[in-house]
>>> print(open('my_file_10.cif').read())   # mmCIF, C-alpha atoms and all ligand atoms
data_data
#
loop_
_atom_site.label_atom_id
_atom_site.label_comp_id
_atom_site.auth_asym_id
_atom_site.auth_seq_id
_atom_site.Cartn_x
_atom_site.Cartn_y
_atom_site.Cartn_z
CA MET A 30 2.41 -70.73 14.21
CA PRO A 31 -0.53 -72.38 15.98
CA GLY A 32 -3.36 -69.87 15.58
CA SER A 33 -4.73 -70.59 19.02
CA VAL A 34 -1.84 -68.96 20.96
CA ASN A 35 -3.19 -66.38 23.41
CA PRO A 36 -2.02 -62.85 22.34
CA ARG A 37 -1.01 -62.20 25.97
CA VAL A 38 1.77 -64.79 25.74
CA GLN A 39 2.93 -64.01 22.18
CA ARG A 40 5.82 -61.91 23.45
CA PHE A 41 7.41 -64.98 25.03
CA LEU A 42 7.68 -66.83 21.75
CA ALA A 43 10.94 -66.68 19.77
CA GLU A 44 10.80 -65.17 16.28
CA ARG A 45 11.53 -68.58 14.80
CA THR A 46 8.45 -70.05 16.49
CA LYS A 47 6.41 -67.68 14.35
CA LEU A 48 7.70 -69.54 11.29
CA PHE A 49 6.06 -72.77 12.48
CA LYS A 50 3.05 -73.44 10.34
CA ALA A 51 0.09 -75.20 11.90
CA SER A 52 -1.53 -77.38 9.31
CA GLU A 53 -5.14 -76.28 8.87
CA ILE A 54 -5.76 -79.61 7.29
CA ARG A 55 -4.49 -81.48 10.29
CA GLU A 56 -6.92 -79.44 12.37
CA LEU A 57 -9.74 -80.33 10.02
CA LEU A 58 -8.83 -83.99 10.01
CA LYS A 59 -8.83 -84.01 13.79
CA LEU A 60 -12.60 -83.71 13.46
CA THR A 61 -12.61 -87.14 11.88
CA GLU A 62 -11.24 -88.83 15.00
CA GLY A 63 -13.66 -91.33 16.44
CA ARG A 64 -15.94 -91.09 13.40
CA GLU A 65 -16.58 -93.72 10.76
CA ILE A 66 -14.50 -92.13 8.05
CA ILE A 67 -12.80 -93.77 5.11
CA SER A 68 -9.47 -92.02 5.23
CA PHE A 69 -7.24 -91.53 2.22
CA ALA A 70 -5.59 -88.71 4.15
CA GLY A 71 -2.81 -90.37 6.15
CA GLY A 72 0.39 -92.00 5.04
CA LEU A 73 0.29 -95.03 7.30
CA PRO A 74 1.66 -98.42 6.29
CA ASP A 75 -0.80 -101.32 6.42
CA PRO A 76 -0.32 -102.88 9.91
CA GLU A 77 -0.65 -106.29 8.21
CA THR A 78 2.89 -105.74 6.94
CA PHE A 79 4.35 -105.53 10.46
CA PRO A 80 6.12 -108.80 11.38
CA ARG A 81 4.72 -108.71 14.90
CA GLU A 82 5.56 -112.23 16.12
CA GLU A 83 9.12 -112.09 14.83
CA LEU A 84 9.71 -108.60 16.20
CA ALA A 85 8.40 -109.67 19.60
CA GLU A 86 10.94 -112.50 19.59
CA VAL A 87 13.75 -110.20 18.50
CA ALA A 88 12.86 -107.61 21.15
CA ARG A 89 12.78 -110.27 23.87
CA GLU A 90 16.14 -111.68 22.86
CA VAL A 91 17.75 -108.26 22.47
CA ILE A 92 16.59 -107.16 25.93
CA LEU A 93 17.50 -110.40 27.68
CA GLU A 94 20.75 -111.18 25.91
CA ARG A 95 22.13 -107.73 25.04
CA GLY A 96 20.15 -105.61 27.46
CA ARG A 97 23.20 -104.17 29.18
CA GLU A 98 23.96 -102.23 25.98
CA ALA A 99 20.55 -102.16 24.30
CA LEU A 100 18.87 -100.42 27.25
CA GLN A 101 21.78 -98.03 27.75
CA TYR A 102 22.70 -94.62 26.29
CA SER A 103 24.59 -94.94 23.01
CA PRO A 104 26.75 -92.79 20.67
CA THR A 105 25.04 -89.83 18.97
CA PRO A 106 25.58 -91.05 15.38
CA GLY A 107 24.19 -94.47 16.28
CA VAL A 108 25.21 -97.89 17.59
CA THR A 109 28.51 -98.69 15.80
CA GLU A 110 27.57 -102.29 15.02
CA PHE A 111 24.20 -101.22 13.61
CA ARG A 112 25.79 -98.57 11.41
CA ARG A 113 28.02 -101.29 9.92
CA VAL A 114 25.06 -103.61 9.33
CA LEU A 115 23.12 -100.74 7.79
CA LYS A 116 25.92 -99.82 5.40
CA ASP A 117 26.04 -103.43 4.17
CA PHE A 118 22.26 -103.45 3.82
CA LEU A 119 22.37 -100.27 1.75
CA ARG A 120 25.19 -101.60 -0.45
CA GLY A 121 23.17 -104.78 -0.97
CA ASN A 122 20.28 -102.65 -2.19
CA GLY A 123 22.31 -100.76 -4.77
CA VAL A 124 23.11 -97.64 -2.75
CA ALA A 125 26.77 -96.65 -3.15
CA VAL A 126 28.66 -96.22 0.12
CA ASN A 127 31.95 -94.49 -0.70
CA PRO A 128 35.16 -94.58 1.35
CA ASP A 129 34.61 -90.95 2.44
CA ASP A 130 31.02 -91.63 3.47
CA ASP A 131 29.52 -92.20 6.86
CA VAL A 132 26.06 -92.90 8.16
CA ILE A 133 24.15 -91.32 11.04
CA ILE A 134 21.09 -92.94 12.58
CA THR A 135 18.22 -90.52 13.07
CA THR A 136 14.84 -90.64 14.73
CA GLY A 137 12.99 -91.33 11.49
CA SER A 138 14.14 -89.57 8.36
CA GLN A 139 12.07 -86.63 9.56
CA GLU A 140 14.80 -85.85 12.08
CA ALA A 141 17.39 -86.03 9.30
CA LEU A 142 15.40 -83.42 7.37
CA TYR A 143 15.33 -81.21 10.44
CA LEU A 144 19.08 -81.61 11.06
CA ILE A 145 19.82 -80.82 7.41
CA GLY A 146 17.77 -77.64 7.72
CA LYS A 147 19.62 -76.79 10.88
CA ILE A 148 23.16 -77.26 9.53
CA PHE A 149 22.70 -75.83 6.04
CA ILE A 150 19.95 -73.24 5.87
CA ASP A 151 20.34 -69.58 6.74
CA PRO A 152 17.36 -67.27 6.24
CA GLY A 153 16.91 -66.57 2.52
CA ASP A 154 18.91 -69.58 1.28
CA VAL A 155 17.29 -71.11 -1.76
CA VAL A 156 16.11 -74.73 -1.70
CA PHE A 157 14.91 -76.15 -5.01
CA VAL A 158 12.04 -78.59 -4.66
CA GLU A 159 9.55 -80.52 -6.72
CA ALA A 160 6.05 -79.13 -7.15
CA PRO A 161 4.37 -80.83 -5.39
CA THR A 162 6.69 -82.10 -2.65
CA TYR A 163 6.69 -83.60 0.84
CA LEU A 164 5.01 -81.11 3.15
CA ALA A 165 6.94 -82.01 6.30
CA ALA A 166 10.23 -81.33 4.47
CA LEU A 167 8.97 -77.89 3.48
CA ASN A 168 7.99 -77.26 7.09
CA ALA A 169 11.33 -78.50 8.44
CA PHE A 170 13.29 -76.20 6.08
CA ARG A 171 10.84 -73.31 6.48
CA GLN A 172 11.71 -73.07 10.19
CA PHE A 173 15.21 -72.01 9.21
CA GLY A 174 14.00 -69.38 6.76
CA ALA A 175 14.45 -71.34 3.52
CA ARG A 176 13.26 -69.70 0.34
CA PHE A 177 11.74 -72.28 -2.02
CA MET A 178 11.87 -72.37 -5.77
CA SER A 179 10.11 -75.26 -7.44
CA ALA A 180 9.95 -77.20 -10.66
CA PRO A 181 6.86 -79.22 -11.58
CA VAL A 182 6.75 -83.00 -11.90
CA ASP A 183 5.29 -85.04 -14.74
CA GLU A 184 5.20 -88.83 -15.13
CA ASP A 185 9.02 -88.85 -15.41
CA GLY A 186 9.49 -86.96 -12.16
CA MET A 187 10.87 -83.48 -11.63
CA LYS A 188 11.14 -81.51 -14.88
CA THR A 189 14.84 -80.86 -14.77
CA ASP A 190 14.75 -78.43 -17.71
CA VAL A 191 12.55 -76.18 -15.57
CA LEU A 192 14.83 -76.81 -12.59
CA GLU A 193 17.79 -75.58 -14.63
CA GLU A 194 15.89 -72.43 -15.59
CA ARG A 195 14.95 -71.78 -11.98
CA VAL A 196 18.56 -72.23 -10.84
CA LYS A 197 19.71 -69.71 -13.43
CA GLU A 198 16.91 -67.34 -12.42
CA ALA A 199 18.03 -67.53 -8.77
CA GLU A 200 21.61 -66.83 -9.80
CA ARG A 201 20.54 -63.83 -11.88
CA GLU A 202 18.68 -62.48 -8.86
CA GLY A 203 21.83 -62.81 -6.78
CA LEU A 204 20.25 -65.23 -4.31
CA ARG A 205 22.20 -67.71 -2.17
CA LEU A 206 21.66 -71.12 -3.72
CA LYS A 207 22.00 -74.08 -1.37
CA MET A 208 20.39 -77.34 -2.28
CA ILE A 209 18.03 -79.43 -4.32
CA TYR A 210 15.61 -81.54 -2.29
CA THR A 211 14.09 -84.44 -4.20
CA ILE A 212 12.19 -87.68 -3.67
CA PRO A 213 13.13 -89.38 -6.93
CA THR A 214 11.33 -92.71 -6.51
CA SER A 215 7.57 -93.06 -5.91
CA GLN A 216 7.46 -89.45 -4.85
CA ASN A 217 5.30 -88.23 -1.97
CA PRO A 218 2.73 -86.87 -2.76
CA SER A 219 2.63 -87.37 -6.52
CA GLY A 220 3.67 -91.03 -6.78
CA VAL A 221 5.86 -90.39 -9.84
CA THR A 222 9.40 -91.74 -10.39
CA MET A 223 12.22 -89.72 -11.95
CA SER A 224 13.68 -91.20 -15.16
CA MET A 225 17.37 -92.06 -15.36
CA GLU A 226 17.90 -89.32 -17.91
CA ARG A 227 16.52 -86.69 -15.56
CA ARG A 228 18.48 -88.08 -12.62
CA LYS A 229 21.66 -87.56 -14.60
CA HIS A 230 20.54 -84.10 -15.67
CA LEU A 231 19.75 -83.14 -12.07
CA LEU A 232 23.25 -84.15 -11.01
CA GLU A 233 24.77 -82.18 -13.88
CA ILE A 234 22.84 -79.10 -12.74
CA ALA A 235 24.00 -79.63 -9.15
CA GLU A 236 27.56 -80.00 -10.36
CA ALA A 237 27.49 -76.96 -12.66
CA HIS A 238 26.02 -74.69 -9.96
CA ASP A 239 27.67 -76.32 -6.95
CA LEU A 240 24.53 -77.38 -5.09
CA ILE A 241 24.00 -80.02 -2.42
CA VAL A 242 21.45 -82.69 -3.35
CA VAL A 243 19.22 -84.18 -0.66
CA GLU A 244 17.80 -87.47 -1.91
CA ASP A 245 14.89 -88.55 0.29
CA ASP A 246 14.22 -92.22 -0.39
CA PRO A 247 11.64 -93.94 1.81
CA TYR A 248 10.02 -95.86 -1.05
CA SER A 249 12.50 -97.31 -3.55
CA PHE A 250 13.01 -100.60 -1.67
CA PHE A 251 9.45 -101.76 -2.25
CA THR A 252 8.37 -100.65 -5.69
CA PHE A 253 5.73 -103.05 -6.97
CA GLU A 254 6.87 -102.89 -10.55
CA GLU A 255 10.33 -103.23 -12.04
CA VAL A 256 11.87 -99.81 -12.45
CA ASP A 257 15.19 -99.34 -14.11
CA VAL A 258 16.54 -96.52 -11.97
CA LYS A 259 19.51 -96.04 -9.69
CA PRO A 260 19.69 -93.84 -6.60
CA LEU A 261 21.19 -90.38 -7.17
CA LYS A 262 23.63 -91.35 -4.43
CA THR A 263 24.96 -94.13 -6.66
CA LEU A 264 25.11 -91.95 -9.78
CA ASP A 265 26.83 -89.07 -7.98
CA LYS A 266 30.52 -88.65 -8.77
CA SER A 267 31.34 -85.61 -6.65
CA GLY A 268 30.09 -86.56 -3.18
CA ARG A 269 27.32 -83.96 -3.15
CA VAL A 270 24.35 -86.27 -2.50
CA ILE A 271 22.99 -86.72 1.01
CA TYR A 272 20.95 -89.92 0.96
CA LEU A 273 18.09 -90.27 3.46
CA GLY A 274 16.37 -93.55 4.23
CA THR A 275 14.03 -95.02 6.81
CA LEU A 276 12.68 -98.30 8.15
CA SER A 277 9.23 -96.72 8.49
CA LYS A 278 7.73 -98.27 5.39
CA ILE A 279 9.83 -101.44 5.23
CA LEU A 280 9.59 -102.60 8.86
CA SER A 281 7.76 -100.28 11.25
CA PRO A 282 7.41 -96.51 11.64
CA GLY A 283 6.98 -96.95 15.40
CA LEU A 284 10.65 -97.89 15.79
CA ARG A 285 11.55 -94.41 14.46
CA ILE A 286 14.71 -95.48 12.69
CA GLY A 287 15.98 -93.42 9.80
CA TRP A 288 19.42 -92.48 8.50
CA ALA A 289 21.50 -90.11 6.45
CA LEU A 290 24.37 -91.42 4.34
CA ALA A 291 26.75 -88.72 3.17
CA GLU A 292 30.35 -87.56 3.16
CA ASN A 293 31.95 -87.51 6.61
CA TRP A 294 31.84 -83.74 7.05
CA VAL A 295 28.04 -83.70 6.62
CA VAL A 296 27.56 -86.55 9.09
CA THR A 297 29.85 -84.86 11.61
CA SER A 298 27.88 -81.61 11.39
CA MET A 299 24.59 -83.49 11.72
CA GLU A 300 25.99 -85.31 14.75
CA LEU A 301 26.83 -82.03 16.48
CA ALA A 302 23.34 -80.71 15.77
CA LYS A 303 21.73 -83.95 16.94
CA GLN A 304 23.52 -83.88 20.28
CA SER A 305 21.36 -81.01 21.43
CA VAL A 306 18.17 -82.42 19.94
CA ASP A 307 17.96 -85.91 21.44
CA LEU A 308 21.51 -87.14 22.32
CA HIS A 309 20.87 -90.22 20.17
CA SER A 310 18.03 -92.19 18.65
CA SER A 311 16.55 -95.03 20.70
CA THR A 312 19.28 -97.58 21.43
CA LEU A 313 16.68 -100.33 21.86
CA SER A 314 15.11 -99.58 18.48
CA GLN A 315 18.56 -99.67 16.88
CA TYR A 316 19.32 -103.10 18.35
CA ILE A 317 15.92 -104.42 17.26
CA ALA A 318 16.37 -102.95 13.78
CA MET A 319 19.87 -104.43 13.48
CA GLU A 320 18.64 -107.92 14.33
CA ALA A 321 15.61 -107.50 12.06
CA ILE A 322 17.89 -106.68 9.12
CA ARG A 323 20.28 -109.54 9.97
CA ARG A 324 17.46 -112.08 10.16
CA GLY A 325 15.93 -111.00 6.86
CA LEU A 326 12.81 -109.54 8.48
CA VAL A 327 13.09 -106.36 6.44
CA ASP A 328 13.35 -108.32 3.19
CA LYS A 329 10.32 -110.38 4.25
CA THR A 330 8.32 -107.25 5.11
CA VAL A 331 9.25 -105.70 1.77
CA GLU A 332 7.96 -108.78 -0.09
CA LYS A 333 4.69 -108.69 1.83
CA ALA A 334 4.27 -104.94 1.44
CA ARG A 335 4.83 -105.20 -2.32
CA LYS A 336 2.01 -107.70 -2.70
CA ILE A 337 -0.46 -105.93 -0.44
CA TYR A 338 0.19 -102.48 -1.88
CA ARG A 339 0.06 -103.60 -5.49
CA VAL A 340 -3.44 -104.98 -4.93
CA LYS A 341 -4.55 -101.80 -3.16
CA ARG A 342 -3.03 -99.49 -5.74
CA ASP A 343 -4.75 -101.43 -8.51
CA ALA A 344 -8.06 -101.27 -6.60
CA MET A 345 -7.72 -97.51 -6.35
CA LEU A 346 -6.72 -97.05 -10.00
CA GLU A 347 -9.68 -99.19 -11.09
CA SER A 348 -12.09 -97.31 -8.81
CA LEU A 349 -10.85 -93.97 -10.14
CA GLU A 350 -11.53 -95.20 -13.70
CA ASP A 351 -14.99 -96.36 -12.65
CA TYR A 352 -16.14 -93.41 -10.55
CA PHE A 353 -14.22 -90.21 -11.28
CA PRO A 354 -15.74 -88.09 -14.06
CA GLN A 355 -14.16 -87.02 -17.35
CA GLY A 356 -11.76 -84.15 -16.87
CA CYS A 357 -10.03 -85.78 -13.90
CA SER A 358 -6.61 -87.39 -14.20
CA TRP A 359 -4.28 -89.11 -11.77
CA THR A 360 -0.81 -90.59 -11.46
CA LYS A 361 -0.07 -94.32 -11.79
CA PRO A 362 2.64 -94.95 -9.22
CA VAL A 363 5.10 -97.85 -9.43
CA GLY A 364 5.48 -97.80 -5.66
CA GLY A 365 4.95 -95.73 -2.55
CA LEU A 366 1.68 -95.12 -0.80
CA PHE A 367 -0.05 -92.38 -2.80
CA ILE A 368 -1.92 -91.49 -5.95
CA PHE A 369 -2.21 -87.81 -6.82
CA ALA A 370 -5.38 -86.69 -8.59
CA TYR A 371 -5.98 -83.59 -10.69
CA LEU A 372 -9.61 -82.43 -10.82
CA PRO A 373 -11.12 -80.04 -13.36
CA GLU A 374 -9.89 -76.43 -12.95
CA GLY A 375 -12.20 -74.46 -10.71
CA ILE A 376 -12.73 -77.21 -8.14
CA ASP A 377 -11.04 -76.21 -4.90
CA THR A 378 -10.25 -79.42 -3.03
CA LYS A 379 -9.64 -77.56 0.24
CA ALA A 380 -13.07 -75.96 0.10
CA MET A 381 -14.57 -79.33 -0.83
CA LEU A 382 -13.01 -81.24 2.08
CA PRO A 383 -15.70 -80.46 4.71
CA GLU A 384 -18.32 -81.82 2.30
CA ALA A 385 -16.26 -84.95 1.70
CA LEU A 386 -15.94 -85.43 5.46
CA GLU A 387 -19.72 -85.07 5.76
CA ARG A 388 -19.96 -88.01 3.40
CA GLY A 389 -17.48 -90.00 5.44
CA VAL A 390 -14.36 -89.74 3.31
CA ALA A 391 -11.09 -87.84 3.85
CA TYR A 392 -8.16 -86.89 1.61
CA VAL A 393 -5.41 -84.30 1.71
CA PRO A 394 -6.02 -81.23 -0.48
CA GLY A 395 -2.99 -80.85 -2.75
CA ALA A 396 -2.27 -77.11 -2.50
CA SER A 397 -0.14 -77.32 0.65
CA PHE A 398 2.37 -79.54 -1.18
CA PHE A 399 3.16 -76.73 -3.61
CA ALA A 400 5.83 -74.46 -2.15
CA GLU A 401 5.05 -71.58 -4.49
CA GLY A 402 1.28 -71.86 -4.68
CA GLY A 403 -1.07 -73.58 -7.13
CA GLY A 404 -2.50 -77.09 -7.02
CA GLU A 405 -5.88 -75.97 -5.64
CA ASN A 406 -7.61 -78.56 -7.81
CA THR A 407 -5.43 -81.49 -6.68
CA MET A 408 -5.71 -84.11 -3.96
CA ARG A 409 -3.46 -86.78 -2.43
CA LEU A 410 -5.02 -90.18 -1.99
CA ASN A 411 -3.41 -92.80 0.25
CA PHE A 412 -4.05 -96.42 -0.72
CA SER A 413 -1.84 -98.32 1.75
CA TYR A 414 -4.01 -98.06 4.86
CA PRO A 415 -7.68 -98.43 3.82
CA SER A 416 -9.03 -101.85 2.84
CA VAL A 417 -9.89 -102.66 -0.77
CA THR A 418 -13.59 -102.41 0.10
CA GLN A 419 -13.06 -99.01 1.69
CA ILE A 420 -11.03 -97.87 -1.31
CA ARG A 421 -13.86 -98.69 -3.72
CA GLU A 422 -16.54 -97.13 -1.52
CA GLY A 423 -14.50 -94.01 -0.70
CA ILE A 424 -13.59 -93.33 -4.32
CA ARG A 425 -17.26 -93.88 -5.31
CA ARG A 426 -18.36 -91.25 -2.79
CA LEU A 427 -15.66 -88.80 -3.88
CA GLY A 428 -16.51 -89.35 -7.54
CA LEU A 429 -20.14 -88.53 -6.86
CA LEU A 430 -19.20 -85.36 -4.99
CA ILE A 431 -16.95 -84.20 -7.84
CA LYS A 432 -19.71 -84.93 -10.35
CA GLU A 433 -22.06 -82.74 -8.30
CA LYS A 434 -19.47 -79.97 -8.28
CA ILE A 435 -19.18 -79.94 -12.04
CA GLY A 436 -22.93 -80.27 -12.45
CA GLU A 437 -22.89 -83.81 -13.81
CA ALA A 438 -24.78 -85.66 -11.12
C1 LIG A 501 9.20 -88.34 1.43
C2 LIG A 501 9.21 -88.63 2.90
N1 LIG A 501 10.25 -88.26 3.64
C3 LIG A 501 10.30 -88.49 4.96
C4 LIG A 501 9.27 -89.16 5.60
C5 LIG A 501 9.39 -89.33 7.09
O1 LIG A 501 9.43 -90.65 7.45
P1 LIG A 501 10.00 -91.14 8.85
O2 LIG A 501 10.30 -89.97 9.71
O3 LIG A 501 8.92 -92.00 9.41
O4 LIG A 501 11.23 -91.91 8.51
C6 LIG A 501 8.15 -89.57 4.87
C7 LIG A 501 7.03 -90.22 5.53
O5 LIG A 501 6.00 -90.47 5.01
C8 LIG A 501 8.12 -89.30 3.48
O6 LIG A 501 7.09 -89.65 2.72
#
>>> encode(input="my_file_10.cif", output="structure tokens")
Amino acid sequence: MPGSVNPRVQRFLAERTKLFKASEIRELLKLTEGREIISFAGGLPDPETFPREELAEVAREVILERGREALQYSPTPGVTEFRRVLKDFLRGNGVAVNPDDDVIITTGSQEALYLIGKIFIDPGDVVFVEAPTYLAALNAFRQFGARFMSAPVDEDGMKTDVLEERVKEAEREGLRLKMIYTIPTSQNPSGVTMSMERRKHLLEIAEAHDLIVVEDDPYSFFTFEEVDVKPLKTLDKSGRVIYLGTLSKILSPGLRIGWALAENWVVTSMELAKQSVDLHSSTLSQYIAMEAIRRGLVDKTVEKARKIYRVKRDAMLESLEDYFPQGCSWTKPVGGLFIFAYLPEGIDTKAMLPEALERGVAYVPGASFFAEGGGENTMRLNFSYPSVTQIREGIRRLGLLIKEKIGEA
């Protein structure tokens, strides 16, 4: 809960509000606003990837020619025509859409995470996650009282042998097991991609212990290297995967268009929950997104993003080689927006952040991505937003700071 709430008004707040966790890091990073800081902290796409001219044209046409519907209220699960276009788009990208499946349009995939928490999680229900994992998913599920159990990742993604052990441990303890939440491709924050073997193993575990699988997939459409993997949704044979996607990284996050593809009963429950959240996601955004997909604007953005991000990732990997001292290691992502770095044990990246900010560089300390603690010596570095020059200079400054910490400089 935000620490700044006046004690006098505490009694008005619902118990669940006390489960909201204010991010200390967000507070710290607020201090960077308006300052000349090289930021590796955010997760913003490069604005160069936004097809601004074409989107302006689409928006104008949509408003003038289809404005009677596009500016109107629309059905809670989304504009019917757009849902059809989206299903075809997903099929075309190798995501299986089964006869019993349906799709619901959400306000970014963040809303889908929230709705999933709302329809599935009772206090104490166990959610299995990667360590580290996406912080905003932890926070969305935490609000509903989720209990997290995690399995670490290595370069092949979530260690499913550990996952299996944790599932058995939860069963032995008599806990209520609900779901596995995973970001299998170009994971946020670690950047790693789960191997096919582990994907199959994860599904076997889900099957054997009757768990729902939430596959969060904002990044697989624009990997910058060939990866021979299929979505869990496509590999799934028992209809237990809920597949989340978003246009945030492949068109524009400002449109706030995400989706969940799952068996009908899941979509229907999400729809009921969504009604009281926002009635429906922006009709105008849905019409713009539909036309953007139809006209190939998403494919074009993906091609551009691939090129830009590959160059930036390589610049960051090279700078890390050049400037980070011995004893540090980092992931080599095939896609996504992040590299995750492991510093020598004993360095606390949260304690080091104010010093980094002093030197004009920001990152996200890794510990908050670990649901069960640990990761104090890790950091998440975003390479999509800063320029190549900023990447080199920022990593040089960070490298120097780390060297000072370990007494090398
Ligand atoms: C793993 C993951 N899930 C969900 C989201 C939320 O994206 P949006 O709400 O913009 O679709 C992000 C954004 O960075 C993400 O990295």
>>> residues_near_ligand(input="my_file_10.cif", ligand="ligand LIG 501 (chain A)", cutoff="6 Å", atoms="only C-alpha atoms and all ligand atoms", output="PyMOL selection string")
chain A and resi 72+137-139+163+212+217+245+247+275+277+282+287
>>> write_last_selection(input="my_file_10.cif", atoms="C-alpha atoms", output="mmCIF file, in the frame of the given file")
data_model
loop_
_atom_site.group_PDB
_atom_site.id
_atom_site.type_symbol
_atom_site.label_atom_id
_atom_site.label_comp_id
_atom_site.auth_asym_id
_atom_site.auth_seq_id
_atom_site.Cartn_x
_atom_site.Cartn_y
_atom_site.Cartn_z
ATOM 1 C CA GLY A 72 0.390 -92.000 5.040
ATOM 2 C CA GLY A 137 12.990 -91.330 11.490
ATOM 3 C CA SER A 138 14.140 -89.570 8.360
ATOM 4 C CA GLN A 139 12.070 -86.630 9.560
ATOM 5 C CA TYR A 163 6.690 -83.600 0.840
ATOM 6 C CA ILE A 212 12.190 -87.680 -3.670
ATOM 7 C CA ASN A 217 5.300 -88.230 -1.970
ATOM 8 C CA ASP A 245 14.890 -88.550 0.290
ATOM 9 C CA PRO A 247 11.640 -93.940 1.810
ATOM 10 C CA THR A 275 14.030 -95.020 6.810
ATOM 11 C CA SER A 277 9.230 -96.720 8.490
ATOM 12 C CA PRO A 282 7.410 -96.510 11.640
ATOM 13 C CA GLY A 287 15.980 -93.420 9.800
#
>>> residues_around(input="my_file_10.cif", residues="Arg176 (chain A)", least_positions_apart="3", cutoff="9 Å", atoms="all atoms listed in the file", output="ChimeraX atom specification")
/A:152-157,170-171
>>> write_last_selection(input="my_file_10.cif", atoms="C-alpha atoms", output="short mmCIF file (atom, residue, chain, number, x, y, z; two decimals), in the coordinates of the input")
data_model
loop_
_atom_site.label_atom_id
_atom_site.label_comp_id
_atom_site.auth_asym_id
_atom_site.auth_seq_id
_atom_site.Cartn_x
_atom_site.Cartn_y
_atom_site.Cartn_z
CA PRO A 152 17.36 -67.27 6.24
CA GLY A 153 16.91 -66.57 2.52
CA ASP A 154 18.91 -69.58 1.28
CA VAL A 155 17.29 -71.11 -1.76
CA VAL A 156 16.11 -74.73 -1.70
CA PHE A 157 14.91 -76.15 -5.01
CA PHE A 170 13.29 -76.20 6.08
CA ARG A 171 10.84 -73.31 6.48
#
>>> closest_residue(input="my_file_10.cif", among="A:Ala165, A:Val124, A:Val363, A:Leu301", to="Val256 (chain A)", atoms="all atoms listed in the file")
A:Val363
>>> closest_residue(input="my_file_10.cif", among="A:Arg342, A:His230, A:Lys47, A:Arg323", to="Tyr414 (chain A)", atoms="only C-alpha atoms")
A:Arg342
>>> residues_around(input="my_file_10.cif", residues="Glu198 (chain A)", least_positions_apart="5", cutoff="12 Å", atoms="only C-alpha atoms", output="list in words")
Val155, Phe157, Met178, Ser179, Val191, Leu192, Glu193, Gly203, Leu204, Arg205, Leu206 and His238 of chain A
>>> atom_distance(input="my_file_10.cif", atom1="CA of Pro106 (chain A)", atom2="CA of Arg269 (chain A)")
19.9 Å
>>> residues_near_point(input="my_file_10.cif", point="(-3.9, -104.0, 4.5)", cutoff="7 Å", atoms="only C-alpha atoms", output="PDB file with C-alpha atoms, keeping the file's coordinate frame")
ATOM      1  CA  ASP A  75      -0.800-101.320   6.420  1.00  0.00           C
ATOM      2  CA  PRO A  76      -0.320-102.880   9.910  1.00  0.00           C
ATOM      3  CA  GLU A  77      -0.650-106.290   8.210  1.00  0.00           C
ATOM      4  CA  ILE A 337      -0.460-105.930  -0.440  1.00  0.00           C
ATOM      5  CA  SER A 413      -1.840 -98.320   1.750  1.00  0.00           C
ATOM      6  CA  TYR A 414      -4.010 -98.060   4.860  1.00  0.00           C
ATOM      7  CA  PRO A 415      -7.680 -98.430   3.820  1.00  0.00           C
ATOM      8  CA  SER A 416      -9.030-101.850   2.840  1.00  0.00           C
TER       9      SER A 416
END
>>> atom_distance(input="my_file_10.cif", atom1="CA of Asn406 (chain A)", atom2="CA of Thr162 (chain A)")
15.6 Å
>>> closest_residue(input="my_file_10.cif", among="A:Glu422, A:Glu401, A:Glu82, A:Glu226", to="Asp351 (chain A)", atoms="all atoms listed in the file")
A:Glu422
